[in-house]
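Asks: This is the structure I want to talk about, given as structure tokens.
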Amino acid sequence: MGNCQSVAAAATKPAAYAHESPFPPKMLAAKAFTRDVQDALGGLKTANGFTLCHAIASGFWNSDSGVGCYAGDEESYELFAQYFDKVIAEYHKVDAATVKHVTDFSIDKISTDSIDPEGKYIKSTRIRVGRNLAGFPFAPNQTKAQRLEIMTKIVGALETLEGDFKGTFYPLEGMNPEVQKQLIADHFLFKEGDRFLQTAGANADWPSGRGIFHTDDKKFLVWVNEEDELRIISMQEGPDVRAVFARLASAVEQIGAKLPFAMHSRYGALSSCPTNLGTAMRASVHVKLPKIGKKDWFKDKCAALGLSVRGIHGEHSEGADDGTVDLSNKRRLGVSETEAALIMYNGVKELIALEEKEQ
């Protein structure tokens, strides 16, 4: 396996990058990267030139990756199915050969009852989906020209939206540094990808071809050419999950009528990251749990409820000093959009009840 690893290293090693990864076996990318997989797939490449070696590059250089692999285009999931199906099956806990995504944005299935009636715990609610355009490479495998073309197509579609979705696009290239810093601090704007995305190739030509579209009230936003070509986001202060979900459902329907999304017969929405397939939805809240958040059992309890825990500044960040954490649904494939939102809703509701008992 060293031969393919060497190619991955040479293809993606950034300047002044000193970390040498042993590619540990606990990483999903490594567990699926068996000798028979390399022998069968090591010499193949997609029409866009993406190889298995490119797919494993991020995990090779980051030994603390939980997943560690990325797809370069739609074809990656077919050509390298022998590899990606193993990763997908283990992460999503599904049978990769038989799973079939079913889209369901049924708003009436989301309870009208507030998840936090007194507004004591939930600071904000945010639900997003990732989407990529059919026929274009994904972020780890794009040229600068392709990225700019993608941005032009997306912005052209977004600028036709009306009503509650009418907004303005702000390119990152040339953005006032102070404005950019404040948007990031307020959790509206993305920043340059971390070392995991860097070594996958997703940060190339930064910040060219990237930007943010948002309404004046910033309840509806679209990140353009971050990890996915579109991150369609609905968010607002407080605990109204139903309102945030309804806004997102309408936005996805309207944008999908204007742009062809990369979709798979079994895996639903396709993304460069195999953890972000199916619904490609992350339904989350910033919730203050200062009591139970310090308990040794907290993360295990969240996992049992189907929730992922991260800090308020995104993946790989820590929780806030006041006990605020970001909680979201972990499953994205094998559940519908409504079911993903309800996993978050019901799980957070139970955690708030546990926090109340600690008072």
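Labels for the structure tokens follow display order: chains A, B, ..., residues from 1 in each chain, ligands from 1.
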Can you list every residue in stretch 116-330 of chain A that DSSP puts in helix (DSSP H, G or I), as a CSV table (one decimal) with N, CA and C atoms, in the first residue's frame?
Replies:
chain,number,residue,atom,x,y,z
A,139,ALA,N,-15.1,19.9,-4.8
A,139,ALA,CA,-14.1,20.8,-4.4
A,139,ALA,C,-12.6,20.3,-4.4
A,140,PRO,N,-12.4,19.1,-4.0
A,140,PRO,CA,-11.0,18.6,-4.0
A,140,PRO,C,-10.4,18.4,-5.4
A,141,ASN,N,-11.2,18.5,-6.4
A,141,ASN,CA,-10.7,18.2,-7.8
A,141,ASN,C,-11.0,19.3,-8.8
A,144,LYS,N,-9.3,26.3,-11.1
A,144,LYS,CA,-9.7,27.6,-10.7
A,144,LYS,C,-10.8,28.0,-11.7
A,145,ALA,N,-10.7,27.7,-13.0
A,145,ALA,CA,-11.7,28.1,-14.0
A,145,ALA,C,-13.0,27.4,-13.7
A,146,GLN,N,-13.0,26.1,-13.3
A,146,GLN,CA,-14.2,25.4,-13.0
A,146,GLN,C,-14.9,26.0,-11.8
A,147,ARG,N,-14.1,26.4,-10.8
A,147,ARG,CA,-14.7,27.0,-9.6
A,147,ARG,C,-15.4,28.3,-9.9
A,148,LEU,N,-14.8,29.1,-10.7
A,148,LEU,CA,-15.4,30.4,-11.1
A,148,LEU,C,-16.6,30.2,-12.0
A,149,GLU,N,-16.6,29.2,-12.8
A,149,GLU,CA,-17.8,28.9,-13.6
A,149,GLU,C,-19.0,28.4,-12.7
A,150,ILE,N,-18.6,27.6,-11.8
A,150,ILE,CA,-19.7,27.1,-10.8
A,150,ILE,C,-20.2,28.3,-10.0
A,151,MET,N,-19.4,29.2,-9.6
A,151,MET,CA,-19.9,30.3,-8.8
A,151,MET,C,-20.8,31.2,-9.7
A,152,THR,N,-20.4,31.4,-10.9
A,152,THR,CA,-21.2,32.2,-11.8
A,152,THR,C,-22.6,31.6,-12.0
A,153,LYS,N,-22.7,30.3,-12.2
A,153,LYS,CA,-24.0,29.6,-12.4
A,153,LYS,C,-24.8,29.7,-11.1
A,154,ILE,N,-24.2,29.5,-10.0
A,154,ILE,CA,-25.0,29.5,-8.7
A,154,ILE,C,-25.5,30.9,-8.4
A,155,VAL,N,-24.6,31.9,-8.5
A,155,VAL,CA,-25.0,33.2,-8.2
A,155,VAL,C,-26.1,33.7,-9.2
A,156,GLY,N,-26.0,33.3,-10.4
A,156,GLY,CA,-27.0,33.7,-11.4
A,156,GLY,C,-28.4,33.2,-11.0
A,157,ALA,N,-28.5,31.9,-10.5
A,157,ALA,CA,-29.7,31.3,-10.0
A,157,ALA,C,-30.2,32.0,-8.7
A,158,LEU,N,-29.3,32.2,-7.8
A,158,LEU,CA,-29.7,32.8,-6.5
A,158,LEU,C,-30.2,34.2,-6.7
A,163,GLY,N,-39.0,37.5,-2.7
A,163,GLY,CA,-39.6,37.4,-1.4
A,163,GLY,C,-38.6,37.3,-0.2
A,164,ASP,N,-38.9,36.3,0.7
A,164,ASP,CA,-38.0,36.1,1.8
A,164,ASP,C,-36.6,35.6,1.5
A,165,PHE,N,-36.5,35.2,0.2
A,165,PHE,CA,-35.2,34.6,-0.2
A,165,PHE,C,-34.4,35.6,-1.1
A,177,PRO,N,-11.6,43.0,5.0
A,177,PRO,CA,-11.2,42.1,6.0
A,177,PRO,C,-11.9,42.2,7.3
A,178,GLU,N,-12.3,43.4,7.7
A,178,GLU,CA,-13.0,43.6,9.0
A,178,GLU,C,-14.5,43.1,8.9
A,179,VAL,N,-15.1,43.3,7.7
A,179,VAL,CA,-16.4,42.7,7.5
A,179,VAL,C,-16.4,41.2,7.5
A,180,GLN,N,-15.4,40.7,6.8
A,180,GLN,CA,-15.2,39.2,6.8
A,180,GLN,C,-15.0,38.7,8.2
A,181,LYS,N,-14.2,39.3,9.0
A,181,LYS,CA,-13.9,38.8,10.3
A,181,LYS,C,-15.1,38.8,11.2
A,182,GLN,N,-16.0,39.9,11.0
A,182,GLN,CA,-17.2,40.0,11.8
A,182,GLN,C,-18.2,38.9,11.4
A,183,LEU,N,-18.3,38.7,10.1
A,183,LEU,CA,-19.3,37.7,9.6
A,183,LEU,C,-18.9,36.3,10.1
A,184,ILE,N,-17.6,36.0,10.2
A,184,ILE,CA,-17.1,34.7,10.7
A,184,ILE,C,-17.4,34.6,12.2
A,185,ALA,N,-17.1,35.7,12.9
A,185,ALA,CA,-17.4,35.7,14.4
A,185,ALA,C,-18.9,35.6,14.7
A,195,ARG,N,-6.9,21.9,8.0
A,195,ARG,CA,-5.8,21.1,7.4
A,195,ARG,C,-6.4,19.8,6.8
A,196,PHE,N,-7.5,19.4,7.2
A,196,PHE,CA,-8.1,18.2,6.6
A,196,PHE,C,-8.6,18.5,5.2
A,197,LEU,N,-9.2,19.7,5.0
A,197,LEU,CA,-9.6,20.1,3.6
A,197,LEU,C,-8.4,20.5,2.8
A,198,GLN,N,-7.5,21.1,3.5
A,198,GLN,CA,-6.3,21.6,2.8
A,198,GLN,C,-5.6,20.4,2.1
A,199,THR,N,-5.3,19.4,2.8
A,199,THR,CA,-4.6,18.2,2.3
A,199,THR,C,-5.5,17.4,1.3
A,200,ALA,N,-6.8,17.6,1.3
A,200,ALA,CA,-7.7,17.0,0.3
A,200,ALA,C,-7.6,17.8,-1.0
A,241,VAL,N,-37.5,25.3,15.6
A,241,VAL,CA,-37.0,24.3,14.6
A,241,VAL,C,-37.9,24.2,13.4
A,242,ARG,N,-39.2,24.2,13.7
A,242,ARG,CA,-40.2,24.1,12.6
A,242,ARG,C,-40.1,25.3,11.6
A,243,ALA,N,-39.9,26.5,12.1
A,243,ALA,CA,-39.8,27.6,11.2
A,243,ALA,C,-38.5,27.6,10.3
A,244,VAL,N,-37.4,27.2,11.0
A,244,VAL,CA,-36.1,27.1,10.3
A,244,VAL,C,-36.2,25.9,9.2
A,245,PHE,N,-36.8,24.8,9.6
A,245,PHE,CA,-37.0,23.7,8.7
A,245,PHE,C,-37.8,24.1,7.5
A,246,ALA,N,-38.9,24.8,7.7
A,246,ALA,CA,-39.8,25.2,6.6
A,246,ALA,C,-39.1,26.1,5.6
A,247,ARG,N,-38.4,27.0,6.2
A,247,ARG,CA,-37.6,28.0,5.3
A,247,ARG,C,-36.6,27.2,4.4
A,248,LEU,N,-35.9,26.3,5.0
A,248,LEU,CA,-34.9,25.5,4.3
A,248,LEU,C,-35.6,24.7,3.2
A,249,ALA,N,-36.7,24.0,3.5
A,249,ALA,CA,-37.4,23.2,2.6
A,249,ALA,C,-37.8,24.0,1.3
A,250,SER,N,-38.3,25.2,1.6
A,250,SER,CA,-38.8,26.0,0.5
A,250,SER,C,-37.6,26.5,-0.4
A,251,ALA,N,-36.5,26.8,0.3
A,251,ALA,CA,-35.2,27.2,-0.4
A,251,ALA,C,-34.7,26.1,-1.3
A,252,VAL,N,-34.6,24.9,-0.8
A,252,VAL,CA,-34.1,23.8,-1.5
A,252,VAL,C,-34.9,23.5,-2.8
A,253,GLU,N,-36.2,23.6,-2.6
A,253,GLU,CA,-37.1,23.4,-3.7
A,253,GLU,C,-36.9,24.4,-4.8
A,254,GLN,N,-36.8,25.7,-4.4
A,254,GLN,CA,-36.7,26.8,-5.4
A,254,GLN,C,-35.4,26.7,-6.1
A,255,ILE,N,-34.3,26.5,-5.4
A,255,ILE,CA,-33.0,26.4,-6.0
A,255,ILE,C,-32.8,25.2,-6.9
A,256,GLY,N,-33.4,24.1,-6.4
A,256,GLY,CA,-33.3,22.9,-7.2
A,256,GLY,C,-34.1,22.9,-8.5
A,274,PRO,N,-17.9,11.6,2.2
A,274,PRO,CA,-18.9,10.5,2.3
A,274,PRO,C,-19.7,10.5,3.5
A,275,THR,N,-19.4,11.3,4.5
A,275,THR,CA,-20.3,11.4,5.7
A,275,THR,C,-21.5,12.3,5.4
A,276,ASN,N,-21.5,13.0,4.3
A,276,ASN,CA,-22.5,14.1,4.0
A,276,ASN,C,-23.3,13.7,2.8
A,292,ILE,N,-24.7,19.3,32.5
A,292,ILE,CA,-24.5,17.9,32.0
A,292,ILE,C,-23.4,17.9,31.0
A,293,GLY,N,-23.1,19.1,30.4
A,293,GLY,CA,-22.0,19.2,29.4
A,293,GLY,C,-20.7,18.8,30.0
A,294,LYS,N,-20.5,18.9,31.3
A,294,LYS,CA,-19.3,18.6,32.0
A,294,LYS,C,-19.2,17.2,32.4
A,298,PHE,N,-21.5,12.6,29.0
A,298,PHE,CA,-22.3,13.5,28.1
A,298,PHE,C,-22.2,13.1,26.6
A,299,LYS,N,-20.9,12.9,26.1
A,299,LYS,CA,-20.8,12.6,24.7
A,299,LYS,C,-21.3,11.2,24.4
A,300,ASP,N,-21.2,10.3,25.3
A,300,ASP,CA,-21.8,9.0,25.1
A,300,ASP,C,-23.3,9.0,25.0
A,301,LYS,N,-23.9,9.9,25.8
A,301,LYS,CA,-25.3,10.1,25.8
A,301,LYS,C,-25.8,10.7,24.5
A,302,CYS,N,-25.0,11.7,24.1
A,302,CYS,CA,-25.4,12.3,22.8
A,302,CYS,C,-25.3,11.3,21.6
A,303,ALA,N,-24.3,10.5,21.7
A,303,ALA,CA,-24.1,9.5,20.6
A,303,ALA,C,-25.3,8.5,20.6
A,304,ALA,N,-25.7,8.1,21.8
A,304,ALA,CA,-26.9,7.2,21.9
A,304,ALA,C,-28.2,7.8,21.4
Asks: With only C-alpha atoms as the counted atoms, please give the residues lying no more than 7 Å from A:His214, apart from itself and same-chain residues fewer than 5 positions off, as a short mmCIF file (atom, residue, chain, number, x, y, z; two decimals) with N, CA, C and O atoms, in the first residue's frame.
Replies:
data_model
loop_
_atom_site.label_atom_id
_atom_site.label_comp_id
_atom_site.auth_asym_id
_atom_site.auth_seq_id
_atom_site.Cartn_x
_atom_site.Cartn_y
_atom_site.Cartn_z
N GLY A 167 -31.78 38.26 -1.89
CA GLY A 167 -30.59 38.67 -1.16
C GLY A 167 -29.50 39.17 -2.08
O GLY A 167 -29.73 39.48 -3.25
N THR A 168 -28.30 39.23 -1.53
CA THR A 168 -27.14 39.76 -2.24
C THR A 168 -25.97 38.81 -2.10
O THR A 168 -25.79 38.20 -1.05
N PHE A 169 -25.18 38.69 -3.17
CA PHE A 169 -23.99 37.85 -3.13
C PHE A 169 -22.76 38.70 -2.85
O PHE A 169 -22.56 39.77 -3.45
N PHE A 220 -31.57 33.47 5.81
CA PHE A 220 -31.33 32.57 4.70
C PHE A 220 -29.99 32.93 4.07
O PHE A 220 -29.74 34.09 3.72
N LEU A 221 -29.11 31.90 3.96
CA LEU A 221 -27.77 32.11 3.43
C LEU A 221 -27.39 30.95 2.51
O LEU A 221 -27.88 29.84 2.68
N VAL A 222 -26.50 31.22 1.60
CA VAL A 222 -25.90 30.15 0.79
C VAL A 222 -24.40 30.39 0.73
O VAL A 222 -23.96 31.46 0.30
#
Asks: With a distance cut-off of 10 Å and only C-alpha atoms, select the neighbouring residues of A:Leu327, excluding the residue or stretch itself and same-chain residues fewer than 2 positions from it, and output the selection as number ranges by chain.
Replies: A: 125, 282-287, 302, 306-312, 324-325, 329-330, 344-345, 347-348
Asks: Could you write those residues out with N, CA, C and O atoms, as a PDB file, in the first residue's frame?
Replies:
ATOM      1  N   THR A 125     -30.892  28.243  16.167  1.00  0.00           N
ATOM      2  CA  THR A 125     -31.194  27.017  15.425  1.00  0.00           C
ATOM      3  C   THR A 125     -30.747  27.209  13.987  1.00  0.00           C
ATOM      4  O   THR A 125     -30.979  28.261  13.389  1.00  0.00           O
ATOM      5  N   ARG A 282     -27.563  18.865   7.992  1.00  0.00           N
ATOM      6  CA  ARG A 282     -27.110  19.014   9.372  1.00  0.00           C
ATOM      7  C   ARG A 282     -28.074  19.959  10.076  1.00  0.00           C
ATOM      8  O   ARG A 282     -28.095  21.161   9.806  1.00  0.00           O
ATOM      9  N   ALA A 283     -28.922  19.396  10.935  1.00  0.00           N
ATOM     10  CA  ALA A 283     -29.874  20.179  11.734  1.00  0.00           C
ATOM     11  C   ALA A 283     -29.255  20.381  13.107  1.00  0.00           C
ATOM     12  O   ALA A 283     -28.968  19.411  13.809  1.00  0.00           O
ATOM     13  N   SER A 284     -29.028  21.633  13.487  1.00  0.00           N
ATOM     14  CA  SER A 284     -28.248  21.876  14.701  1.00  0.00           C
ATOM     15  C   SER A 284     -28.803  23.024  15.532  1.00  0.00           C
ATOM     16  O   SER A 284     -29.548  23.872  15.045  1.00  0.00           O
ATOM     17  N   VAL A 285     -28.394  23.010  16.780  1.00  0.00           N
ATOM     18  CA  VAL A 285     -28.665  24.120  17.693  1.00  0.00           C
ATOM     19  C   VAL A 285     -27.399  24.439  18.474  1.00  0.00           C
ATOM     20  O   VAL A 285     -26.571  23.561  18.707  1.00  0.00           O
ATOM     21  N   HIS A 286     -27.265  25.697  18.847  1.00  0.00           N
ATOM     22  CA  HIS A 286     -26.296  26.084  19.858  1.00  0.00           C
ATOM     23  C   HIS A 286     -27.064  26.109  21.165  1.00  0.00           C
ATOM     24  O   HIS A 286     -27.982  26.912  21.350  1.00  0.00           O
ATOM     25  N   VAL A 287     -26.715  25.189  22.047  1.00  0.00           N
ATOM     26  CA  VAL A 287     -27.491  25.010  23.264  1.00  0.00           C
ATOM     27  C   VAL A 287     -26.571  25.068  24.482  1.00  0.00           C
ATOM     28  O   VAL A 287     -25.496  24.467  24.499  1.00  0.00           O
ATOM     29  N   CYS A 302     -25.041  11.682  24.066  1.00  0.00           N
ATOM     30  CA  CYS A 302     -25.360  12.323  22.784  1.00  0.00           C
ATOM     31  C   CYS A 302     -25.289  11.312  21.649  1.00  0.00           C
ATOM     32  O   CYS A 302     -26.169  11.267  20.778  1.00  0.00           O
ATOM     33  N   GLY A 306     -28.159   9.795  18.867  1.00  0.00           N
ATOM     34  CA  GLY A 306     -27.945  10.062  17.446  1.00  0.00           C
ATOM     35  C   GLY A 306     -27.432  11.454  17.163  1.00  0.00           C
ATOM     36  O   GLY A 306     -27.594  11.965  16.050  1.00  0.00           O
ATOM     37  N   LEU A 307     -26.784  12.065  18.169  1.00  0.00           N
ATOM     38  CA  LEU A 307     -26.315  13.440  18.028  1.00  0.00           C
ATOM     39  C   LEU A 307     -24.799  13.525  17.941  1.00  0.00           C
ATOM     40  O   LEU A 307     -24.081  12.752  18.590  1.00  0.00           O
ATOM     41  N   SER A 308     -24.321  14.471  17.162  1.00  0.00           N
ATOM     42  CA  SER A 308     -22.903  14.808  17.114  1.00  0.00           C
ATOM     43  C   SER A 308     -22.688  16.065  17.956  1.00  0.00           C
ATOM     44  O   SER A 308     -23.522  16.966  17.980  1.00  0.00           O
ATOM     45  N   VAL A 309     -21.540  16.116  18.630  1.00  0.00           N
ATOM     46  CA  VAL A 309     -21.207  17.250  19.488  1.00  0.00           C
ATOM     47  C   VAL A 309     -19.971  17.936  18.925  1.00  0.00           C
ATOM     48  O   VAL A 309     -18.991  17.284  18.586  1.00  0.00           O
ATOM     49  N   ARG A 310     -20.023  19.245  18.827  1.00  0.00           N
ATOM     50  CA  ARG A 310     -18.846  20.010  18.431  1.00  0.00           C
ATOM     51  C   ARG A 310     -18.894  21.369  19.117  1.00  0.00           C
ATOM     52  O   ARG A 310     -19.894  21.738  19.726  1.00  0.00           O
ATOM     53  N   GLY A 311     -17.804  22.119  18.987  1.00  0.00           N
ATOM     54  CA  GLY A 311     -17.769  23.462  19.547  1.00  0.00           C
ATOM     55  C   GLY A 311     -18.562  24.425  18.692  1.00  0.00           C
ATOM     56  O   GLY A 311     -18.971  24.107  17.570  1.00  0.00           O
ATOM     57  N   ILE A 312     -18.759  25.631  19.210  1.00  0.00           N
ATOM     58  CA  ILE A 312     -19.608  26.597  18.503  1.00  0.00           C
ATOM     59  C   ILE A 312     -18.920  27.222  17.299  1.00  0.00           C
ATOM     60  O   ILE A 312     -19.562  27.929  16.522  1.00  0.00           O
ATOM     61  N   THR A 324     -21.963  26.275  26.266  1.00  0.00           N
ATOM     62  CA  THR A 324     -22.684  26.185  25.002  1.00  0.00           C
ATOM     63  C   THR A 324     -21.951  25.260  24.032  1.00  0.00           C
ATOM     64  O   THR A 324     -20.751  25.396  23.809  1.00  0.00           O
ATOM     65  N   VAL A 325     -22.691  24.319  23.470  1.00  0.00           N
ATOM     66  CA  VAL A 325     -22.145  23.391  22.480  1.00  0.00           C
ATOM     67  C   VAL A 325     -23.050  23.388  21.252  1.00  0.00           C
ATOM     68  O   VAL A 325     -24.180  23.881  21.280  1.00  0.00           O
ATOM     69  N   ASN A 329     -27.809  16.273  14.273  1.00  0.00           N
ATOM     70  CA  ASN A 329     -28.027  14.868  13.887  1.00  0.00           C
ATOM     71  C   ASN A 329     -26.757  14.303  13.285  1.00  0.00           C
ATOM     72  O   ASN A 329     -26.069  14.960  12.504  1.00  0.00           O
ATOM     73  N   LYS A 330     -26.427  13.075  13.634  1.00  0.00           N
ATOM     74  CA  LYS A 330     -25.266  12.429  13.027  1.00  0.00           C
ATOM     75  C   LYS A 330     -25.638  11.723  11.724  1.00  0.00           C
ATOM     76  O   LYS A 330     -24.921  11.812  10.731  1.00  0.00           O
ATOM     77  N   MET A 344     -32.496  15.396  15.781  1.00  0.00           N
ATOM     78  CA  MET A 344     -31.947  16.522  16.543  1.00  0.00           C
ATOM     79  C   MET A 344     -32.969  17.050  17.551  1.00  0.00           C
ATOM     80  O   MET A 344     -32.659  17.237  18.735  1.00  0.00           O
ATOM     81  N   TYR A 345     -34.194  17.282  17.096  1.00  0.00           N
ATOM     82  CA  TYR A 345     -35.249  17.840  17.946  1.00  0.00           C
ATOM     83  C   TYR A 345     -35.465  16.977  19.199  1.00  0.00           C
ATOM     84  O   TYR A 345     -35.429  17.486  20.331  1.00  0.00           O
ATOM     85  N   GLY A 347     -33.600  14.514  20.460  1.00  0.00           N
ATOM     86  CA  GLY A 347     -32.398  14.335  21.262  1.00  0.00           C
ATOM     87  C   GLY A 347     -32.099  15.534  22.136  1.00  0.00           C
ATOM     88  O   GLY A 347     -31.799  15.396  23.332  1.00  0.00           O
ATOM     89  N   VAL A 348     -32.182  16.727  21.551  1.00  0.00           N
ATOM     90  CA  VAL A 348     -31.914  17.941  22.317  1.00  0.00           C
ATOM     91  C   VAL A 348     -32.978  18.149  23.391  1.00  0.00           C
ATOM     92  O   VAL A 348     -32.678  18.583  24.509  1.00  0.00           O
TER      93      VAL A 348
END
Asks: Find, counting only C-alpha atoms, the residue in A:Glu90, A:Glu173, A:Glu355, A:Glu339 that gets nearest to A:Lys288.
Replies: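 For A:Lys288, the nearest of the candidates is A:Glu355.
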Asks: As JSON, numbers by chain, please: every residue in stretch 97-316 of chain A that DSSP puts in strand (DSSP E or B).
Replies: {"A": [122, 123, 124, 125, 126, 127, 128, 129, 130, 131, 133, 168, 169, 170, 171, 211, 212, 213, 214, 220, 221, 222, 223, 224, 230, 231, 232, 233, 234, 235, 236, 237, 261, 263, 264, 268, 269, 278, 281, 282, 283, 284, 285, 286, 287, 288, 307, 308, 309, 310, 311, 314]}
Asks: Quick one: residues within 12 Å of A:Trp223, only C-alpha atoms, excluding same-chain residues fewer than 2 positions away - as a ChimeraX atom specification?
Replies: /A:128-132,151,154-155,158,168-172,187-191,209-214,220-221,225-234
Asks: If you count only C-alpha atoms, which residues fall within 9 Å of A:Arg332, apart from same-chain ones fewer than 5 positions away, as a PyMOL selection string?
Replies: chain A and resi 92+275-282+337+340
Asks: Which residue out of A:Cys53, A:Leu44, A:Val102, A:Ala97 has the minimum interatomic distance to A:Leu79 when only C-alpha atoms are used?
Replies: A:Leu44
Asks: Using only C-alpha atoms, determine which residues lie at most 8 Å from A:Phe50, disregarding the query and same-chain residues fewer than 4 positions distant; provide the list as a list in words.
Replies: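 That gives Lys45, Thr46, His54, Ala55, Gly72, Asp73, Ser76 and Asn141 of chain A.
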Asks: Selection from above, N, CA and C atoms, as a compact mmCIF listing (two decimals), in the first residue's frame, can you write it?
Replies:
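Written out: result-v2.txt:
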# COMPACT_ATOMS: atom_id res chain seq x y z
N LYS A 45 -8.76 5.97 -12.78
CA LYS A 45 -9.02 7.38 -12.56
C LYS A 45 -10.32 7.77 -13.26
N THR A 46 -11.02 8.74 -12.69
CA THR A 46 -12.28 9.20 -13.27
C THR A 46 -12.00 10.04 -14.51
N HIS A 54 -5.70 10.15 -4.63
CA HIS A 54 -6.20 11.48 -4.26
C HIS A 54 -7.24 11.36 -3.15
N ALA A 55 -8.08 10.33 -3.24
CA ALA A 55 -9.16 10.15 -2.27
C ALA A 55 -8.65 9.99 -0.84
N GLY A 72 -13.79 13.01 -5.54
CA GLY A 72 -13.45 14.15 -6.40
C GLY A 72 -14.53 14.53 -7.38
N ASP A 73 -15.52 13.65 -7.55
CA ASP A 73 -16.60 13.92 -8.50
C ASP A 73 -17.66 12.84 -8.33
N SER A 76 -16.59 9.17 -8.84
CA SER A 76 -15.78 8.52 -7.80
C SER A 76 -16.58 7.47 -7.05
N ASN A 141 -11.19 18.53 -6.43
CA ASN A 141 -10.71 18.19 -7.76
C ASN A 141 -11.05 19.26 -8.80
